[in-house]
Amino acid sequence: MLIRKRLPALLCFVCAAPLWSSSAAAQETLRYSIVSNGKTQGGEVDVFGSDGRIDSTFEFNDRGRGPKISAHYVIGTSGMPSRMDITGNDYLKAPVDEHFAIENGNAHWKSTSEDGTAKADAFYISNNGSAVESSFLVAALKAKNGPLKLFPAGEARLERLTDTTIEDHGQKQHVTEYAITGLSFEPQTIWLDDNQRFFGIPGPWFAILREGWEGANQQLYDLQLKAQNARYERLAQELTRRPSHPVAIEHVRVFDSEQATTREDQTVVIEGERIVQSGPAASIQAPKDAERIDGRGKTLLPGLFDMHVHAAALDGLLNIASGVTSVRDMGNSIEELQRLQTQWQSGAAIGPRLWKCGLIDGPGQFQSPTGLYVSTEEEAHAAVKRYADLGYIQIKLYSSLKPELVPGIAKDAHERGLRLSGHVPNGMIASQFVEAGADEIQHINFIFLNFLAGQVKDTRTPERFTAVGANAAKLDLDSKPVKDFIELLQKHHTTVDVTLATFEGMFTGRPGSVSPDYAEVLARLPAQVQRGAYSGGLPVTSENDQLYKDSYAAMVRMTKRMYDAGIPILAGTDALAGLMLHRELELEVKAGIPPAKALQIATFNAAGLLKQKDLGSIGPGKLADLVLVEGNPAEKISDIRRCRLVMKNGAVFKSDAVYAAVGIKPAD
């Protein structure tokens, strides 16, 4: 498939099978560097033969994860691939075995998740191809000079954005940027040289660039960012409405987030950025010039909070369309995050309110893709100071940090009024992390790793997932060690950011079947995006398939066990923005948390943790961050998906229009 974003890396086009030799009739070899966080983490090599055959290898390492792909392509007389063979492993190390061929006017494709046949009248997008494949699609779109049908579904369009001449080490190279729509939620941009060969995809976290031209990343990214900003500014102008008169939402059910209950037949009046009246419809007299919105059959809630994001420009639209008006970023580039915050606050782009957590990790092979890296107490002190001086509200620690640095960082953070949370650093367990000063733990898997000390070699690697898959189901949740640990959390008033939706597909998704986290929303997504829901999660065998599913069920039960003990649970995603917060709330309810309490977690409780008295509830004087949904999610939590209207700081957004801007259909 074309290079798509799937945090933290980009998944790419590829093909493979030992059907021919890459040395046969070779005319040209192009090499690429894959750069993450300023370091080369892998590469791609493309060999072009005179007979229309291209051999490609693609591999990168992301903290022990990452694909390794061998791809072979044959370009037909039409200029489109007539054959693709792709083998290797995907980002989570699951096997890749994908093939496409055109024979006698028919196309057939088969992989671990798909098996289809159709008339050969479209362009096949592979699930696991290398970056060179993107140039094939651009060529086909240019030849078509219009929309191009895609296999298995959808269509692509092409826009030429800009071109420039870059210079490095005394050499010059002219390159052109193209945007391809129809592959994801937003246009996918790539750079080609004048021979229409793939040149690169720049980026601050992850980039793939022609070998020798890595230094051009920032220049190309700045140009790409300029076009992206212009697009988001245009969408903001088209989709944002700032009422010039008061707005009265009448005869609506209001969710009282403070009491976790609902009040029927209410009217809420908004003027500017504030709620000015709220109460029984019979007692509220809306201003004569008010815009009136009929709320019958609907529920008005405070804007939702997602307490675990890694914000990107696209997420602004996804969040607002889904009723998420506030987010807490748990690790990002300082510069990128400031840019997004400025755009979202000013209205230059659509997006939620943003609270920032500064990520601190130790340097090395498994360091986080972004953040500040420290090895000494002095460096750790300086990192906390920098984040605090920039107005961050929290420090998040990551897996490669030296455990002995945690107490000092906790002390520094608390002295500056910052919370401390994170992954439990390798070499520690969660109980030690809490005792060292952590106020919060990210991810339910680290709760289970607490009971696997001595059994897990390195939690910086994917072992932090696979060890939980192999052992969580075996843990007795009524055992004394579990009870003692929960008592420790109670004693220290520790919060847990469980991110259940993050792990559902990872532990229970299987190739060829719809991942349960996407099942309810699948038909609403762009056609090519839907395919990712069938790709599966962690690789499993017949022996451990059910065990991994049972281990995920144990994660859900542990969440309820902590909730019943009074441990504050947060609603955060660390996954697809907006839509996955809805799934997170559904999973909390599946765990046994009442729907109204789950909504309280994502509104009033989140605002309280962030010390935002003007947000998280509905009443006179509160800021007008609101979401109007069809039905009653306080009884049927899935109604939270049925967003109709969203307000952020008094600005009004029609949910279906914002969803449409990212290719998503509204919920029924």
# chains A, B, ... in the order shown; residues from 1 in each chain; ligands from 1
$ residues_around --residues "region 406-414 of chain A" --least-positions-apart "2" --cutoff "7 Å" --atoms "only C-alpha atoms" --output "PyMOL selection string"
chain A and resi 380-381+384+403-404+416-420+436-438
$ write_last_selection --atoms "N, CA and C atoms" --output "compact mmCIF listing (two decimals), in the first residue's frame"
# COMPACT_ATOMS: atom_id res chain seq x y z
N ALA A 380 18.87 15.31 33.46
CA ALA A 380 17.47 15.10 33.84
C ALA A 380 16.88 16.37 34.45
N HIS A 381 17.63 17.02 35.31
CA HIS A 381 17.18 18.27 35.92
C HIS A 381 16.93 19.33 34.85
N VAL A 384 13.61 18.56 32.88
CA VAL A 384 12.40 18.95 33.61
C VAL A 384 12.24 20.47 33.59
N PRO A 403 16.61 3.68 35.70
CA PRO A 403 15.71 3.70 36.86
C PRO A 403 16.18 4.58 38.00
N GLU A 404 17.51 4.67 38.19
CA GLU A 404 18.02 5.47 39.32
C GLU A 404 17.76 6.96 39.16
N ARG A 416 8.11 21.80 40.65
CA ARG A 416 7.63 22.75 39.64
C ARG A 416 6.12 22.62 39.39
N GLY A 417 5.45 21.77 40.18
CA GLY A 417 4.00 21.62 40.05
C GLY A 417 3.57 20.72 38.91
N LEU A 418 4.47 19.89 38.42
CA LEU A 418 4.16 18.98 37.32
C LEU A 418 3.88 17.57 37.85
N ARG A 419 2.96 16.90 37.22
CA ARG A 419 2.73 15.49 37.50
C ARG A 419 3.84 14.66 36.85
N LEU A 420 3.99 13.42 37.32
CA LEU A 420 4.96 12.51 36.74
C LEU A 420 4.27 11.19 36.40
N ALA A 436 8.80 5.42 43.68
CA ALA A 436 9.83 6.40 43.33
C ALA A 436 9.24 7.77 43.04
N GLY A 437 7.91 7.88 43.00
CA GLY A 437 7.30 9.19 42.85
C GLY A 437 6.35 9.37 41.70
N ALA A 438 6.07 8.32 40.93
CA ALA A 438 5.16 8.46 39.79
C ALA A 438 3.73 8.66 40.27
$ closest_atom_pairs --of "region 132-230 of chain A" --to "region 520-536 of chain A" --cutoff "6 Å" --atoms "only C-alpha atoms" --output "JSON lines"
{"residue": "A:Ala153", "atom": "CA", "partner": "A:Ala527", "partner_atom": "CA", "distance": 5.8}
{"residue": "A:Gly154", "atom": "CA", "partner": "A:Ala527", "partner_atom": "CA", "distance": 5.4}
{"residue": "A:Leu183", "atom": "CA", "partner": "A:Gln528", "partner_atom": "CA", "distance": 5.5}
{"residue": "A:Ser184", "atom": "CA", "partner": "A:Val529", "partner_atom": "CA", "distance": 5.7}
$ write_last_selection --atoms "N, CA and C atoms" --output "PDB file, in the first residue's frame"
ATOM      1  N   ALA A 153     -11.066  -1.563  -3.621  1.00  0.00           N
ATOM      2  CA  ALA A 153     -12.173  -0.619  -3.684  1.00  0.00           C
ATOM      3  C   ALA A 153     -11.624   0.795  -3.594  1.00  0.00           C
ATOM      4  N   GLY A 154     -12.465   1.759  -3.956  1.00  0.00           N
ATOM      5  CA  GLY A 154     -12.109   3.166  -3.871  1.00  0.00           C
ATOM      6  C   GLY A 154     -11.481   3.681  -5.152  1.00  0.00           C
ATOM      7  N   LEU A 183      -6.448   7.325  -0.438  1.00  0.00           N
ATOM      8  CA  LEU A 183      -5.736   6.234   0.216  1.00  0.00           C
ATOM      9  C   LEU A 183      -5.917   6.231   1.721  1.00  0.00           C
ATOM     10  N   SER A 184      -6.206   7.393   2.284  1.00  0.00           N
ATOM     11  CA  SER A 184      -6.306   7.506   3.730  1.00  0.00           C
ATOM     12  C   SER A 184      -7.264   8.638   4.065  1.00  0.00           C
TER      13      SER A 184
END
$ residues_around --residues "region 487-491 of chain A" --least-positions-apart "4" --cutoff "9 Å" --atoms "only C-alpha atoms" --output "list in words"
Ser431, Val434, Glu435, Val482, Lys483, Thr495, Met562, Ala565, Gly566 and Ile567 of chain A
$ write_last_selection --atoms "N, CA and C atoms" --output "PDB file, in the first residue's frame"
ATOM      1  N   SER A 431       5.292  -1.173  40.810  1.00  0.00           N
ATOM      2  CA  SER A 431       5.270  -0.815  42.231  1.00  0.00           C
ATOM      3  C   SER A 431       6.470   0.049  42.594  1.00  0.00           C
ATOM      4  N   VAL A 434       5.916   3.609  41.244  1.00  0.00           N
ATOM      5  CA  VAL A 434       5.016   4.382  42.099  1.00  0.00           C
ATOM      6  C   VAL A 434       5.748   4.850  43.352  1.00  0.00           C
ATOM      7  N   GLU A 435       6.492   3.957  43.969  1.00  0.00           N
ATOM      8  CA  GLU A 435       7.211   4.321  45.194  1.00  0.00           C
ATOM      9  C   GLU A 435       8.304   5.350  44.932  1.00  0.00           C
ATOM     10  N   VAL A 482      -1.637  -9.248  43.796  1.00  0.00           N
ATOM     11  CA  VAL A 482      -2.483  -8.281  43.091  1.00  0.00           C
ATOM     12  C   VAL A 482      -3.165  -7.358  44.094  1.00  0.00           C
ATOM     13  N   LYS A 483      -3.687  -7.917  45.164  1.00  0.00           N
ATOM     14  CA  LYS A 483      -4.347  -7.095  46.182  1.00  0.00           C
ATOM     15  C   LYS A 483      -3.364  -6.108  46.808  1.00  0.00           C
ATOM     16  N   THR A 495      -2.957   7.261  39.531  1.00  0.00           N
ATOM     17  CA  THR A 495      -3.891   7.200  38.409  1.00  0.00           C
ATOM     18  C   THR A 495      -3.360   6.209  37.379  1.00  0.00           C
ATOM     19  N   MET A 562      -9.376  -2.427  39.406  1.00  0.00           N
ATOM     20  CA  MET A 562      -8.807  -1.171  39.896  1.00  0.00           C
ATOM     21  C   MET A 562      -9.894  -0.121  40.086  1.00  0.00           C
ATOM     22  N   ALA A 565     -11.731  -0.534  43.220  1.00  0.00           N
ATOM     23  CA  ALA A 565     -10.908  -0.185  44.382  1.00  0.00           C
ATOM     24  C   ALA A 565     -10.725   1.325  44.530  1.00  0.00           C
ATOM     25  N   GLY A 566     -11.324   2.087  43.623  1.00  0.00           N
ATOM     26  CA  GLY A 566     -11.217   3.534  43.711  1.00  0.00           C
ATOM     27  C   GLY A 566     -10.001   4.120  43.036  1.00  0.00           C
ATOM     28  N   ILE A 567      -9.291   3.312  42.245  1.00  0.00           N
ATOM     29  CA  ILE A 567      -8.132   3.825  41.511  1.00  0.00           C
ATOM     30  C   ILE A 567      -8.652   4.671  40.349  1.00  0.00           C
TER      31      ILE A 567
END
$ residues_around --residues "Leu615 (chain A)" --least-positions-apart "6" --cutoff "10 Å" --atoms "only C-alpha atoms" --output "number ranges by chain"
A: 302-305, 325-326, 603-604, 606-608, 621-626, 649
$ select_by_dssp --residues "region 343-565 of chain A" --states "helix (DSSP H, G or I)" --output "VMD selection string"
chain A and resid 343 to 346 377 to 389 403 to 415 430 to 435 445 to 449 463 to 474 480 to 492 500 to 508 522 to 524 527 to 534 545 to 564
$ closest_residue --among "A:Leu609, A:Val74, A:Val45, A:Ile618" --to "Val276 (chain A)" --atoms "only C-alpha atoms"
A:Ile618
$ decode --residues "region 336-373 of chain A" --atoms "N, CA, C and O atoms" --output "PDB file, in the first residue's frame"
ATOM      1  N   GLU A 336       6.825  20.876  16.911  1.00  0.00           N
ATOM      2  CA  GLU A 336       5.608  20.454  16.228  1.00  0.00           C
ATOM      3  C   GLU A 336       4.383  20.681  17.108  1.00  0.00           C
ATOM      4  O   GLU A 336       3.333  21.131  16.644  1.00  0.00           O
ATOM      5  N   LEU A 337       4.509  20.374  18.382  1.00  0.00           N
ATOM      6  CA  LEU A 337       3.377  20.519  19.279  1.00  0.00           C
ATOM      7  C   LEU A 337       3.010  21.984  19.485  1.00  0.00           C
ATOM      8  O   LEU A 337       1.823  22.340  19.542  1.00  0.00           O
ATOM      9  N   GLN A 338       4.011  22.841  19.578  1.00  0.00           N
ATOM     10  CA  GLN A 338       3.724  24.269  19.718  1.00  0.00           C
ATOM     11  C   GLN A 338       3.020  24.805  18.478  1.00  0.00           C
ATOM     12  O   GLN A 338       2.092  25.622  18.572  1.00  0.00           O
ATOM     13  N   ARG A 339       3.445  24.322  17.313  1.00  0.00           N
ATOM     14  CA  ARG A 339       2.798  24.749  16.065  1.00  0.00           C
ATOM     15  C   ARG A 339       1.330  24.344  16.051  1.00  0.00           C
ATOM     16  O   ARG A 339       0.446  25.160  15.736  1.00  0.00           O
ATOM     17  N   LEU A 340       1.041  23.104  16.402  1.00  0.00           N
ATOM     18  CA  LEU A 340      -0.342  22.636  16.420  1.00  0.00           C
ATOM     19  C   LEU A 340      -1.170  23.393  17.449  1.00  0.00           C
ATOM     20  O   LEU A 340      -2.309  23.795  17.172  1.00  0.00           O
ATOM     21  N   GLN A 341      -0.602  23.582  18.631  1.00  0.00           N
ATOM     22  CA  GLN A 341      -1.341  24.285  19.668  1.00  0.00           C
ATOM     23  C   GLN A 341      -1.691  25.708  19.227  1.00  0.00           C
ATOM     24  O   GLN A 341      -2.823  26.175  19.428  1.00  0.00           O
ATOM     25  N   THR A 342      -0.752  26.374  18.597  1.00  0.00           N
ATOM     26  CA  THR A 342      -1.003  27.738  18.119  1.00  0.00           C
ATOM     27  C   THR A 342      -2.096  27.746  17.058  1.00  0.00           C
ATOM     28  O   THR A 342      -3.007  28.592  17.090  1.00  0.00           O
ATOM     29  N   GLN A 343      -2.048  26.815  16.126  1.00  0.00           N
ATOM     30  CA  GLN A 343      -3.050  26.761  15.068  1.00  0.00           C
ATOM     31  C   GLN A 343      -4.424  26.430  15.629  1.00  0.00           C
ATOM     32  O   GLN A 343      -5.428  27.044  15.233  1.00  0.00           O
ATOM     33  N   TRP A 344      -4.498  25.473  16.524  1.00  0.00           N
ATOM     34  CA  TRP A 344      -5.796  25.066  17.071  1.00  0.00           C
ATOM     35  C   TRP A 344      -6.381  26.141  17.983  1.00  0.00           C
ATOM     36  O   TRP A 344      -7.595  26.350  17.994  1.00  0.00           O
ATOM     37  N   GLN A 345      -5.525  26.818  18.749  1.00  0.00           N
ATOM     38  CA  GLN A 345      -6.026  27.878  19.620  1.00  0.00           C
ATOM     39  C   GLN A 345      -6.523  29.082  18.829  1.00  0.00           C
ATOM     40  O   GLN A 345      -7.543  29.687  19.170  1.00  0.00           O
ATOM     41  N   SER A 346      -5.818  29.416  17.766  1.00  0.00           N
ATOM     42  CA  SER A 346      -6.171  30.604  16.984  1.00  0.00           C
ATOM     43  C   SER A 346      -7.320  30.360  16.021  1.00  0.00           C
ATOM     44  O   SER A 346      -7.924  31.311  15.528  1.00  0.00           O
ATOM     45  N   GLY A 347      -7.617  29.097  15.735  1.00  0.00           N
ATOM     46  CA  GLY A 347      -8.635  28.782  14.748  1.00  0.00           C
ATOM     47  C   GLY A 347      -8.088  28.703  13.336  1.00  0.00           C
ATOM     48  O   GLY A 347      -8.864  28.528  12.385  1.00  0.00           O
ATOM     49  N   ALA A 348      -6.763  28.832  13.175  1.00  0.00           N
ATOM     50  CA  ALA A 348      -6.171  28.684  11.846  1.00  0.00           C
ATOM     51  C   ALA A 348      -6.337  27.260  11.333  1.00  0.00           C
ATOM     52  O   ALA A 348      -6.266  27.015  10.124  1.00  0.00           O
ATOM     53  N   ALA A 349      -6.544  26.335  12.246  1.00  0.00           N
ATOM     54  CA  ALA A 349      -6.874  24.950  11.902  1.00  0.00           C
ATOM     55  C   ALA A 349      -7.856  24.453  12.944  1.00  0.00           C
ATOM     56  O   ALA A 349      -7.956  24.999  14.051  1.00  0.00           O
ATOM     57  N   ILE A 350      -8.612  23.435  12.592  1.00  0.00           N
ATOM     58  CA  ILE A 350      -9.593  22.865  13.505  1.00  0.00           C
ATOM     59  C   ILE A 350      -8.911  21.848  14.407  1.00  0.00           C
ATOM     60  O   ILE A 350      -8.208  20.958  13.933  1.00  0.00           O
ATOM     61  N   GLY A 351      -9.127  21.999  15.706  1.00  0.00           N
ATOM     62  CA  GLY A 351      -8.533  21.047  16.632  1.00  0.00           C
ATOM     63  C   GLY A 351      -8.941  21.337  18.055  1.00  0.00           C
ATOM     64  O   GLY A 351      -9.498  22.397  18.369  1.00  0.00           O
ATOM     65  N   PRO A 352      -8.672  20.406  18.960  1.00  0.00           N
ATOM     66  CA  PRO A 352      -9.084  20.537  20.358  1.00  0.00           C
ATOM     67  C   PRO A 352      -8.151  21.415  21.177  1.00  0.00           C
ATOM     68  O   PRO A 352      -7.094  21.835  20.711  1.00  0.00           O
ATOM     69  N   ARG A 353      -8.550  21.679  22.396  1.00  0.00           N
ATOM     70  CA  ARG A 353      -7.632  22.268  23.373  1.00  0.00           C
ATOM     71  C   ARG A 353      -6.532  21.250  23.653  1.00  0.00           C
ATOM     72  O   ARG A 353      -6.758  20.046  23.570  1.00  0.00           O
ATOM     73  N   LEU A 354      -5.364  21.742  24.033  1.00  0.00           N
ATOM     74  CA  LEU A 354      -4.209  20.860  24.124  1.00  0.00           C
ATOM     75  C   LEU A 354      -3.423  21.123  25.404  1.00  0.00           C
ATOM     76  O   LEU A 354      -3.053  22.258  25.701  1.00  0.00           O
ATOM     77  N   TRP A 355      -3.190  20.048  26.161  1.00  0.00           N
ATOM     78  CA  TRP A 355      -2.304  20.093  27.325  1.00  0.00           C
ATOM     79  C   TRP A 355      -1.096  19.225  27.021  1.00  0.00           C
ATOM     80  O   TRP A 355      -1.233  18.116  26.474  1.00  0.00           O
ATOM     81  N   LYS A 356       0.082  19.690  27.429  1.00  0.00           N
ATOM     82  CA  LYS A 356       1.320  19.076  26.965  1.00  0.00           C
ATOM     83  C   LYS A 356       2.085  18.378  28.090  1.00  0.00           C
ATOM     84  O   LYS A 356       2.297  18.951  29.155  1.00  0.00           O
ATOM     85  N   CYS A 357       2.502  17.150  27.784  1.00  0.00           N
ATOM     86  CA  CYS A 357       3.386  16.396  28.674  1.00  0.00           C
ATOM     87  C   CYS A 357       4.731  16.229  27.985  1.00  0.00           C
ATOM     88  O   CYS A 357       4.784  15.848  26.814  1.00  0.00           O
ATOM     89  N   GLY A 358       5.780  16.475  28.712  1.00  0.00           N
ATOM     90  CA  GLY A 358       7.116  16.368  28.143  1.00  0.00           C
ATOM     91  C   GLY A 358       7.701  14.986  28.337  1.00  0.00           C
ATOM     92  O   GLY A 358       7.745  14.471  29.458  1.00  0.00           O
ATOM     93  N   LEU A 359       8.162  14.380  27.256  1.00  0.00           N
ATOM     94  CA  LEU A 359       8.686  13.020  27.314  1.00  0.00           C
ATOM     95  C   LEU A 359      10.195  13.045  27.561  1.00  0.00           C
ATOM     96  O   LEU A 359      10.928  13.769  26.896  1.00  0.00           O
ATOM     97  N   ILE A 360      10.629  12.240  28.530  1.00  0.00           N
ATOM     98  CA  ILE A 360      12.052  12.099  28.852  1.00  0.00           C
ATOM     99  C   ILE A 360      12.415  10.625  28.757  1.00  0.00           C
ATOM    100  O   ILE A 360      11.755   9.766  29.340  1.00  0.00           O
ATOM    101  N   ASP A 361      13.489  10.327  28.036  1.00  0.00           N
ATOM    102  CA  ASP A 361      13.945   8.955  27.873  1.00  0.00           C
ATOM    103  C   ASP A 361      15.458   8.935  27.956  1.00  0.00           C
ATOM    104  O   ASP A 361      16.117   9.980  27.947  1.00  0.00           O
ATOM    105  N   GLY A 362      16.004   7.744  28.027  1.00  0.00           N
ATOM    106  CA  GLY A 362      17.448   7.584  27.940  1.00  0.00           C
ATOM    107  C   GLY A 362      17.851   7.326  26.502  1.00  0.00           C
ATOM    108  O   GLY A 362      17.095   6.750  25.727  1.00  0.00           O
ATOM    109  N   PRO A 363      19.041   7.756  26.100  1.00  0.00           N
ATOM    110  CA  PRO A 363      19.488   7.534  24.722  1.00  0.00           C
ATOM    111  C   PRO A 363      19.844   6.071  24.489  1.00  0.00           C
ATOM    112  O   PRO A 363      20.150   5.333  25.423  1.00  0.00           O
ATOM    113  N   GLY A 364      19.795   5.670  23.218  1.00  0.00           N
ATOM    114  CA  GLY A 364      20.193   4.305  22.893  1.00  0.00           C
ATOM    115  C   GLY A 364      19.350   3.693  21.803  1.00  0.00           C
ATOM    116  O   GLY A 364      18.500   4.352  21.192  1.00  0.00           O
ATOM    117  N   GLN A 365      19.550   2.428  21.591  1.00  0.00           N
ATOM    118  CA  GLN A 365      18.911   1.700  20.501  1.00  0.00           C
ATOM    119  C   GLN A 365      17.387   1.732  20.580  1.00  0.00           C
ATOM    120  O   GLN A 365      16.699   1.750  19.564  1.00  0.00           O
ATOM    121  N   PHE A 366      16.845   1.756  21.797  1.00  0.00           N
ATOM    122  CA  PHE A 366      15.402   1.661  21.972  1.00  0.00           C
ATOM    123  C   PHE A 366      14.784   2.975  22.435  1.00  0.00           C
ATOM    124  O   PHE A 366      13.675   2.988  22.957  1.00  0.00           O
ATOM    125  N   GLN A 367      15.484   4.074  22.259  1.00  0.00           N
ATOM    126  CA  GLN A 367      14.955   5.351  22.720  1.00  0.00           C
ATOM    127  C   GLN A 367      13.672   5.707  21.980  1.00  0.00           C
ATOM    128  O   GLN A 367      13.419   5.258  20.868  1.00  0.00           O
ATOM    129  N   SER A 368      12.850   6.511  22.610  1.00  0.00           N
ATOM    130  CA  SER A 368      11.575   6.928  22.023  1.00  0.00           C
ATOM    131  C   SER A 368      11.832   7.749  20.757  1.00  0.00           C
ATOM    132  O   SER A 368      12.900   8.363  20.599  1.00  0.00           O
ATOM    133  N   PRO A 369      10.849   7.798  19.841  1.00  0.00           N
ATOM    134  CA  PRO A 369      11.056   8.534  18.592  1.00  0.00           C
ATOM    135  C   PRO A 369      11.182  10.037  18.775  1.00  0.00           C
ATOM    136  O   PRO A 369      11.652  10.731  17.878  1.00  0.00           O
ATOM    137  N   THR A 370      10.741  10.549  19.909  1.00  0.00           N
ATOM    138  CA  THR A 370      10.815  11.986  20.141  1.00  0.00           C
ATOM    139  C   THR A 370      10.948  12.236  21.636  1.00  0.00           C
ATOM    140  O   THR A 370      10.725  11.345  22.443  1.00  0.00           O
ATOM    141  N   GLY A 371      11.342  13.443  22.001  1.00  0.00           N
ATOM    142  CA  GLY A 371      11.486  13.783  23.408  1.00  0.00           C
ATOM    143  C   GLY A 371      12.875  14.295  23.719  1.00  0.00           C
ATOM    144  O   GLY A 371      13.681  14.573  22.821  1.00  0.00           O
ATOM    145  N   LEU A 372      13.174  14.408  25.002  1.00  0.00           N
ATOM    146  CA  LEU A 372      14.501  14.800  25.467  1.00  0.00           C
ATOM    147  C   LEU A 372      15.172  13.570  26.076  1.00  0.00           C
ATOM    148  O   LEU A 372      14.529  12.771  26.756  1.00  0.00           O
ATOM    149  N   TYR A 373      16.485  13.430  25.854  1.00  0.00           N
ATOM    150  CA  TYR A 373      17.207  12.224  26.252  1.00  0.00           C
ATOM    151  C   TYR A 373      18.244  12.585  27.309  1.00  0.00           C
ATOM    152  O   TYR A 373      19.028  13.521  27.128  1.00  0.00           O
TER     153      TYR A 373
END
